[in-house]
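Student: See query25.cif below, with mmCIF, C-alpha atoms and all ligand atoms.
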```cif
data_final
#
loop_
_atom_site.label_atom_id
_atom_site.label_comp_id
_atom_site.auth_asym_id
_atom_site.auth_seq_id
_atom_site.Cartn_x
_atom_site.Cartn_y
_atom_site.Cartn_z
CA MET A 1 -16.21 -32.82 169.37
CA ARG A 2 -17.14 -34.87 172.37
CA SER A 3 -14.47 -35.73 174.84
CA ARG A 4 -13.96 -39.36 175.54
CA LEU A 5 -15.81 -40.57 178.61
CA SER A 6 -13.70 -41.55 181.55
CA GLY A 7 -13.80 -41.53 185.31
CA PRO A 8 -15.47 -43.44 188.11
CA PHE A 9 -18.93 -41.98 187.44
CA VAL A 10 -19.14 -43.42 183.93
CA LEU A 11 -21.46 -46.42 183.83
CA PRO A 12 -21.89 -48.83 180.93
CA ALA A 13 -25.31 -49.09 179.31
CA ARG A 14 -24.41 -51.06 176.20
CA ASP A 15 -26.54 -54.05 177.12
CA ILE A 16 -29.71 -51.98 177.58
CA VAL A 17 -29.51 -49.22 174.96
CA ARG A 18 -32.38 -49.23 172.44
CA THR A 19 -34.17 -51.92 174.42
CA PRO A 20 -36.92 -50.06 176.33
CA GLY A 21 -37.98 -51.80 179.51
CA GLU A 22 -34.54 -53.16 180.34
CA MET A 23 -33.04 -52.02 183.62
CA ARG A 24 -29.71 -52.32 185.41
CA GLU A 25 -28.72 -51.38 188.92
CA HIS A 26 -25.29 -50.24 190.01
CA ARG A 27 -24.03 -49.85 193.54
CA LEU A 28 -20.61 -48.36 193.99
CA THR A 29 -18.52 -46.35 196.44
CA ILE A 30 -16.46 -43.52 195.00
CA PRO A 31 -14.24 -41.09 196.88
CA ALA A 32 -15.32 -37.50 196.17
CA PRO A 33 -12.98 -36.35 193.38
CA GLU A 34 -12.92 -32.82 194.78
CA LYS A 35 -14.62 -30.69 197.41
CA TRP A 36 -18.30 -30.37 196.56
CA GLY A 37 -19.94 -27.21 197.85
CA GLU A 38 -18.85 -23.65 198.51
CA GLY A 39 -20.89 -22.73 201.58
CA LEU A 40 -20.43 -23.19 205.32
CA VAL A 41 -20.54 -26.93 204.78
CA ALA A 42 -19.32 -29.11 201.93
CA VAL A 43 -18.55 -32.70 201.03
CA PRO A 44 -14.77 -32.83 201.41
CA GLN A 45 -12.49 -34.29 198.78
CA GLY A 46 -11.97 -37.99 199.32
CA LYS A 47 -15.16 -38.52 201.33
CA ASP A 48 -16.87 -41.77 200.35
CA LEU A 49 -19.86 -41.33 198.09
CA GLU A 50 -22.11 -44.38 198.24
CA LEU A 51 -23.96 -44.43 195.00
CA ASP A 52 -27.08 -46.43 194.22
CA ALA A 53 -28.01 -45.87 190.60
CA ARG A 54 -30.71 -47.40 188.44
CA LEU A 55 -30.43 -47.24 184.66
CA GLU A 56 -33.70 -47.78 182.80
CA SER A 57 -33.88 -48.00 179.07
CA VAL A 58 -36.72 -45.83 177.75
CA HIS A 59 -37.69 -44.77 174.26
CA GLU A 60 -35.73 -41.50 174.30
CA GLY A 61 -32.64 -42.74 176.09
CA ILE A 62 -31.50 -43.97 179.48
CA LEU A 63 -33.36 -42.77 182.55
CA VAL A 64 -30.95 -42.59 185.48
CA SER A 65 -32.26 -42.36 189.02
CA GLY A 66 -30.94 -43.18 192.43
CA THR A 67 -29.54 -42.00 195.72
CA LEU A 68 -26.19 -40.95 197.03
CA ASP A 69 -25.23 -41.28 200.69
CA THR A 70 -22.33 -39.35 202.09
CA GLU A 71 -21.43 -36.85 204.82
CA TYR A 72 -20.84 -33.14 204.81
CA GLU A 73 -18.51 -31.20 207.07
CA GLY A 74 -18.16 -27.60 208.04
CA GLU A 75 -19.24 -25.08 210.62
CA CYS A 76 -22.50 -24.46 212.43
CA GLY A 77 -23.90 -21.20 211.06
CA ARG A 78 -24.74 -19.98 214.58
CA CYS A 79 -21.96 -21.08 216.93
CA LEU A 80 -19.19 -21.99 214.43
CA ARG A 81 -18.78 -25.43 216.02
CA GLU A 82 -17.42 -28.08 213.68
CA ILE A 83 -20.17 -30.27 212.36
CA VAL A 84 -20.28 -33.53 210.44
CA ALA A 85 -23.65 -34.82 209.34
CA PRO A 86 -25.03 -37.46 206.99
CA LEU A 87 -26.41 -36.40 203.65
CA GLU A 88 -28.74 -38.35 201.43
CA VAL A 89 -29.28 -37.06 197.93
CA GLU A 90 -31.81 -38.20 195.35
CA PHE A 91 -31.26 -37.66 191.66
CA GLN A 92 -33.02 -38.41 188.41
CA GLU A 93 -32.19 -37.45 184.85
CA LEU A 94 -32.90 -38.62 181.33
CA PHE A 95 -29.76 -39.19 179.29
CA GLU A 96 -30.96 -38.79 175.73
CA TYR A 97 -29.69 -40.60 172.68
CA PRO A 98 -27.65 -38.20 170.56
CA GLY A 99 -29.91 -36.44 168.10
CA GLU A 100 -30.18 -33.31 166.02
CA GLU A 101 -30.03 -31.05 169.05
CA ALA A 102 -27.48 -31.37 171.78
CA ALA A 103 -28.99 -32.25 175.17
CA ASP A 104 -27.53 -31.44 178.58
CA PHE A 105 -27.24 -35.13 179.31
CA GLU A 106 -26.60 -37.60 176.54
CA VAL A 107 -25.76 -41.25 176.16
CA GLN A 108 -22.22 -41.33 174.79
CA ASP A 109 -20.65 -44.43 173.31
CA ASP A 110 -23.31 -46.50 175.12
CA HIS A 111 -22.27 -45.05 178.47
CA VAL A 112 -23.70 -42.48 180.87
CA ASP A 113 -21.53 -40.14 182.93
CA LEU A 114 -23.20 -39.38 186.26
CA GLU A 115 -20.62 -36.98 187.68
CA THR A 116 -22.26 -33.64 186.79
CA LEU A 117 -25.71 -34.94 187.70
CA VAL A 118 -24.63 -36.29 191.07
CA ARG A 119 -22.40 -33.34 191.94
CA ASP A 120 -25.08 -30.74 191.18
CA ALA A 121 -27.71 -32.68 193.15
CA THR A 122 -25.33 -32.98 196.10
CA VAL A 123 -24.43 -29.29 196.16
CA LEU A 124 -28.13 -28.37 196.01
CA ALA A 125 -28.90 -30.73 198.90
CA LEU A 126 -26.36 -29.13 201.25
CA PRO A 127 -28.03 -27.03 203.96
CA PHE A 128 -27.73 -23.32 203.27
CA GLN A 129 -27.75 -22.46 206.97
CA PRO A 130 -26.35 -25.53 208.72
CA VAL A 131 -26.70 -25.83 212.49
CA CYS A 132 -25.03 -28.21 214.94
CA GLN A 133 -28.43 -28.89 216.53
CA PRO A 134 -31.89 -27.52 215.73
CA ASP A 135 -32.01 -25.32 218.84
CA CYS A 136 -28.39 -24.18 218.81
CA PRO A 137 -28.43 -20.93 220.82
CA GLY A 138 -25.45 -19.55 218.95
CA LEU A 139 -22.95 -17.06 220.32
CA ASP A 140 -23.37 -14.51 223.07
CA PRO A 141 -23.63 -11.17 221.23
CA ASN A 142 -21.61 -9.45 223.96
CA THR A 143 -18.82 -11.89 224.72
CA GLY A 144 -18.81 -13.88 221.50
CA GLU A 145 -18.76 -17.07 223.55
CA ARG A 146 -20.96 -20.03 222.81
CA LEU A 147 -24.23 -19.99 224.69
CA THR A 148 -24.01 -23.75 225.14
CA GLU A 149 -23.38 -25.61 228.36
CA SER A 150 -19.71 -26.43 228.12
CA GLY A 151 -18.34 -23.70 225.92
CA SER A 152 -15.53 -26.06 225.03
CA ALA A 153 -14.61 -26.37 221.41
CA GLN A 154 -15.59 -29.96 220.87
CA GLN A 155 -14.44 -31.31 217.55
CA ALA A 156 -16.74 -34.30 217.84
CA PRO A 157 -19.46 -34.72 215.24
CA VAL A 158 -23.00 -33.92 216.19
CA ASP A 159 -24.52 -37.01 217.64
CA PRO A 160 -28.01 -37.44 219.07
CA ARG A 161 -26.48 -39.38 221.93
CA TRP A 162 -24.74 -36.22 223.12
CA ALA A 163 -28.10 -34.49 223.30
CA ALA A 164 -29.54 -37.43 225.26
CA LEU A 165 -26.64 -37.27 227.72
CA GLN A 166 -27.13 -33.57 228.08
CA ASN A 167 -30.78 -34.08 228.98
CA LEU A 168 -29.78 -36.64 231.60
CA THR A 169 -27.29 -34.22 233.13
CA ASP A 170 -29.82 -31.43 233.23
CA HIS A 171 -32.40 -33.70 234.81
CA GLY A 172 -29.93 -34.96 237.37
CA SER A 173 -28.98 -31.53 238.63
CA ALA A 174 -32.59 -30.40 238.65
CA SER A 175 -33.78 -33.31 240.80
CA ASP A 176 -30.79 -32.89 243.10
CA ALA A 177 -31.78 -29.31 243.66
CA ALA A 178 -35.39 -30.34 244.31
CA ARG A 179 -34.28 -32.92 246.86
CA ASP A 180 -32.14 -30.38 248.66
CA THR A 181 -35.13 -28.08 248.94
CA GLU A 182 -37.32 -30.85 250.34
CA GLU A 183 -34.77 -31.86 252.94
CA SER A 184 -34.26 -28.40 254.33
ZN ZN A 201 -24.23 -24.47 216.78
#
```
Would you kindly transcribe this structure into structure tokens?
Ligand SMILES: [Zn+2]
Tutor:
Amino acid sequence: MRSRLSGPFVLPARDIVRTPGEMREHRLTIPAPEKWGEGLVAVPQGKDLELDARLESVHEGILVSGTLDTEYEGECGRCLREIVAPLEVEFQELFEYPGEEAADFEVQDDHVDLETLVRDATVLALPFQPVCQPDCPGLDPNTGERLTESGSAQQAPVDPRWAALQNLTDHGSASDAARDTEES
């Protein structure tokens, strides 16, 4: 027995079933129904999932493809700093018309349910070893303190502008030191 389709990830396909070549696009924003991911980082429950889905009618069923844009949160795998970063996920799957053999993804009552497809693709796209920045130096093995400049536990998301500011600061102090040397 198939359970009745329901939920925000269920999209109608009634107007394109059995008409190969027809196509419909759906753009919707759905709050994550639960936490997606079990690692150092995950998409938290309630985070907006911006879904762009294209439903194409093909001979065997409905071909669903698209992208999902969201953010993941968690800890840097090296320094344990809180990180928030954008995540773009691509997905594609053929939802087959019900036939003799059960398929993993099927058109049901002229609808397709994207939740499993999108959730699995999102979890797979999460970084296995997330870092707050590509060259994060991590923690001092002796003191356990962060080997970064400030050492303060910033809760702010990783932002390239912070890195740019950091470069400016480094440059500033370096040229100051050079000037001092020249003057003496
Ligand atoms: Zn880090």
Student: Using all atoms listed in the file, which of the listed residues (A:Glu93, A:Glu106, A:Asp120, A:Glu82) sits closest to ligand ZN 201 (chain A)?
Tutor: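 Using all atoms listed in the file, ligand ZN 201 (chain A) sits closest to A:Glu82.
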Student: I'd like the contact shell of A:Thr67 - 6 Å cut-off, all atoms listed in the file, skipping same-chain residues fewer than 2 positions apart - returned as a PyMOL selection string.
Tutor: chain A and resi 52+89-90
Student: I want to know what sits within 12 Å of A:Ala125, based on only C-alpha atoms, with residues of the same chain fewer than 6 positions away left out; could you give that as a compact mmCIF listing (two decimals) with C-alpha atoms, keeping the file's coordinate frame?
Tutor:
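Dumped everything to part.txt:
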```txt
# COMPACT_ATOMS: atom_id res chain seq x y z
CA TRP A 36 -18.30 -30.37 196.56
CA GLY A 37 -19.94 -27.21 197.85
CA GLY A 39 -20.89 -22.73 201.58
CA VAL A 41 -20.54 -26.93 204.78
CA ALA A 42 -19.32 -29.11 201.93
CA VAL A 43 -18.55 -32.70 201.03
CA THR A 67 -29.54 -42.00 195.72
CA LEU A 68 -26.19 -40.95 197.03
CA ASP A 69 -25.23 -41.28 200.69
CA THR A 70 -22.33 -39.35 202.09
CA GLU A 71 -21.43 -36.85 204.82
CA TYR A 72 -20.84 -33.14 204.81
CA PRO A 86 -25.03 -37.46 206.99
CA LEU A 87 -26.41 -36.40 203.65
CA GLU A 88 -28.74 -38.35 201.43
CA VAL A 89 -29.28 -37.06 197.93
CA GLU A 90 -31.81 -38.20 195.35
CA PHE A 91 -31.26 -37.66 191.66
CA VAL A 118 -24.63 -36.29 191.07
CA ARG A 119 -22.40 -33.34 191.94
```
Student: Please return as a ChimeraX atom specification the residues found within 7 Å of ligand ZN 201 (chain A), counting all atoms listed in the file.
Tutor: /A:76-81,131-133,136-138
Student: Could you check the closest approach to A:Val123 for each of A:Asp140, A:Glu38, A:Glu100, A:Glu145 and tell me which residue wins, using only C-alpha atoms?
Tutor: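 Counting only C-alpha atoms, the residue closest to A:Val123 is A:Glu38.
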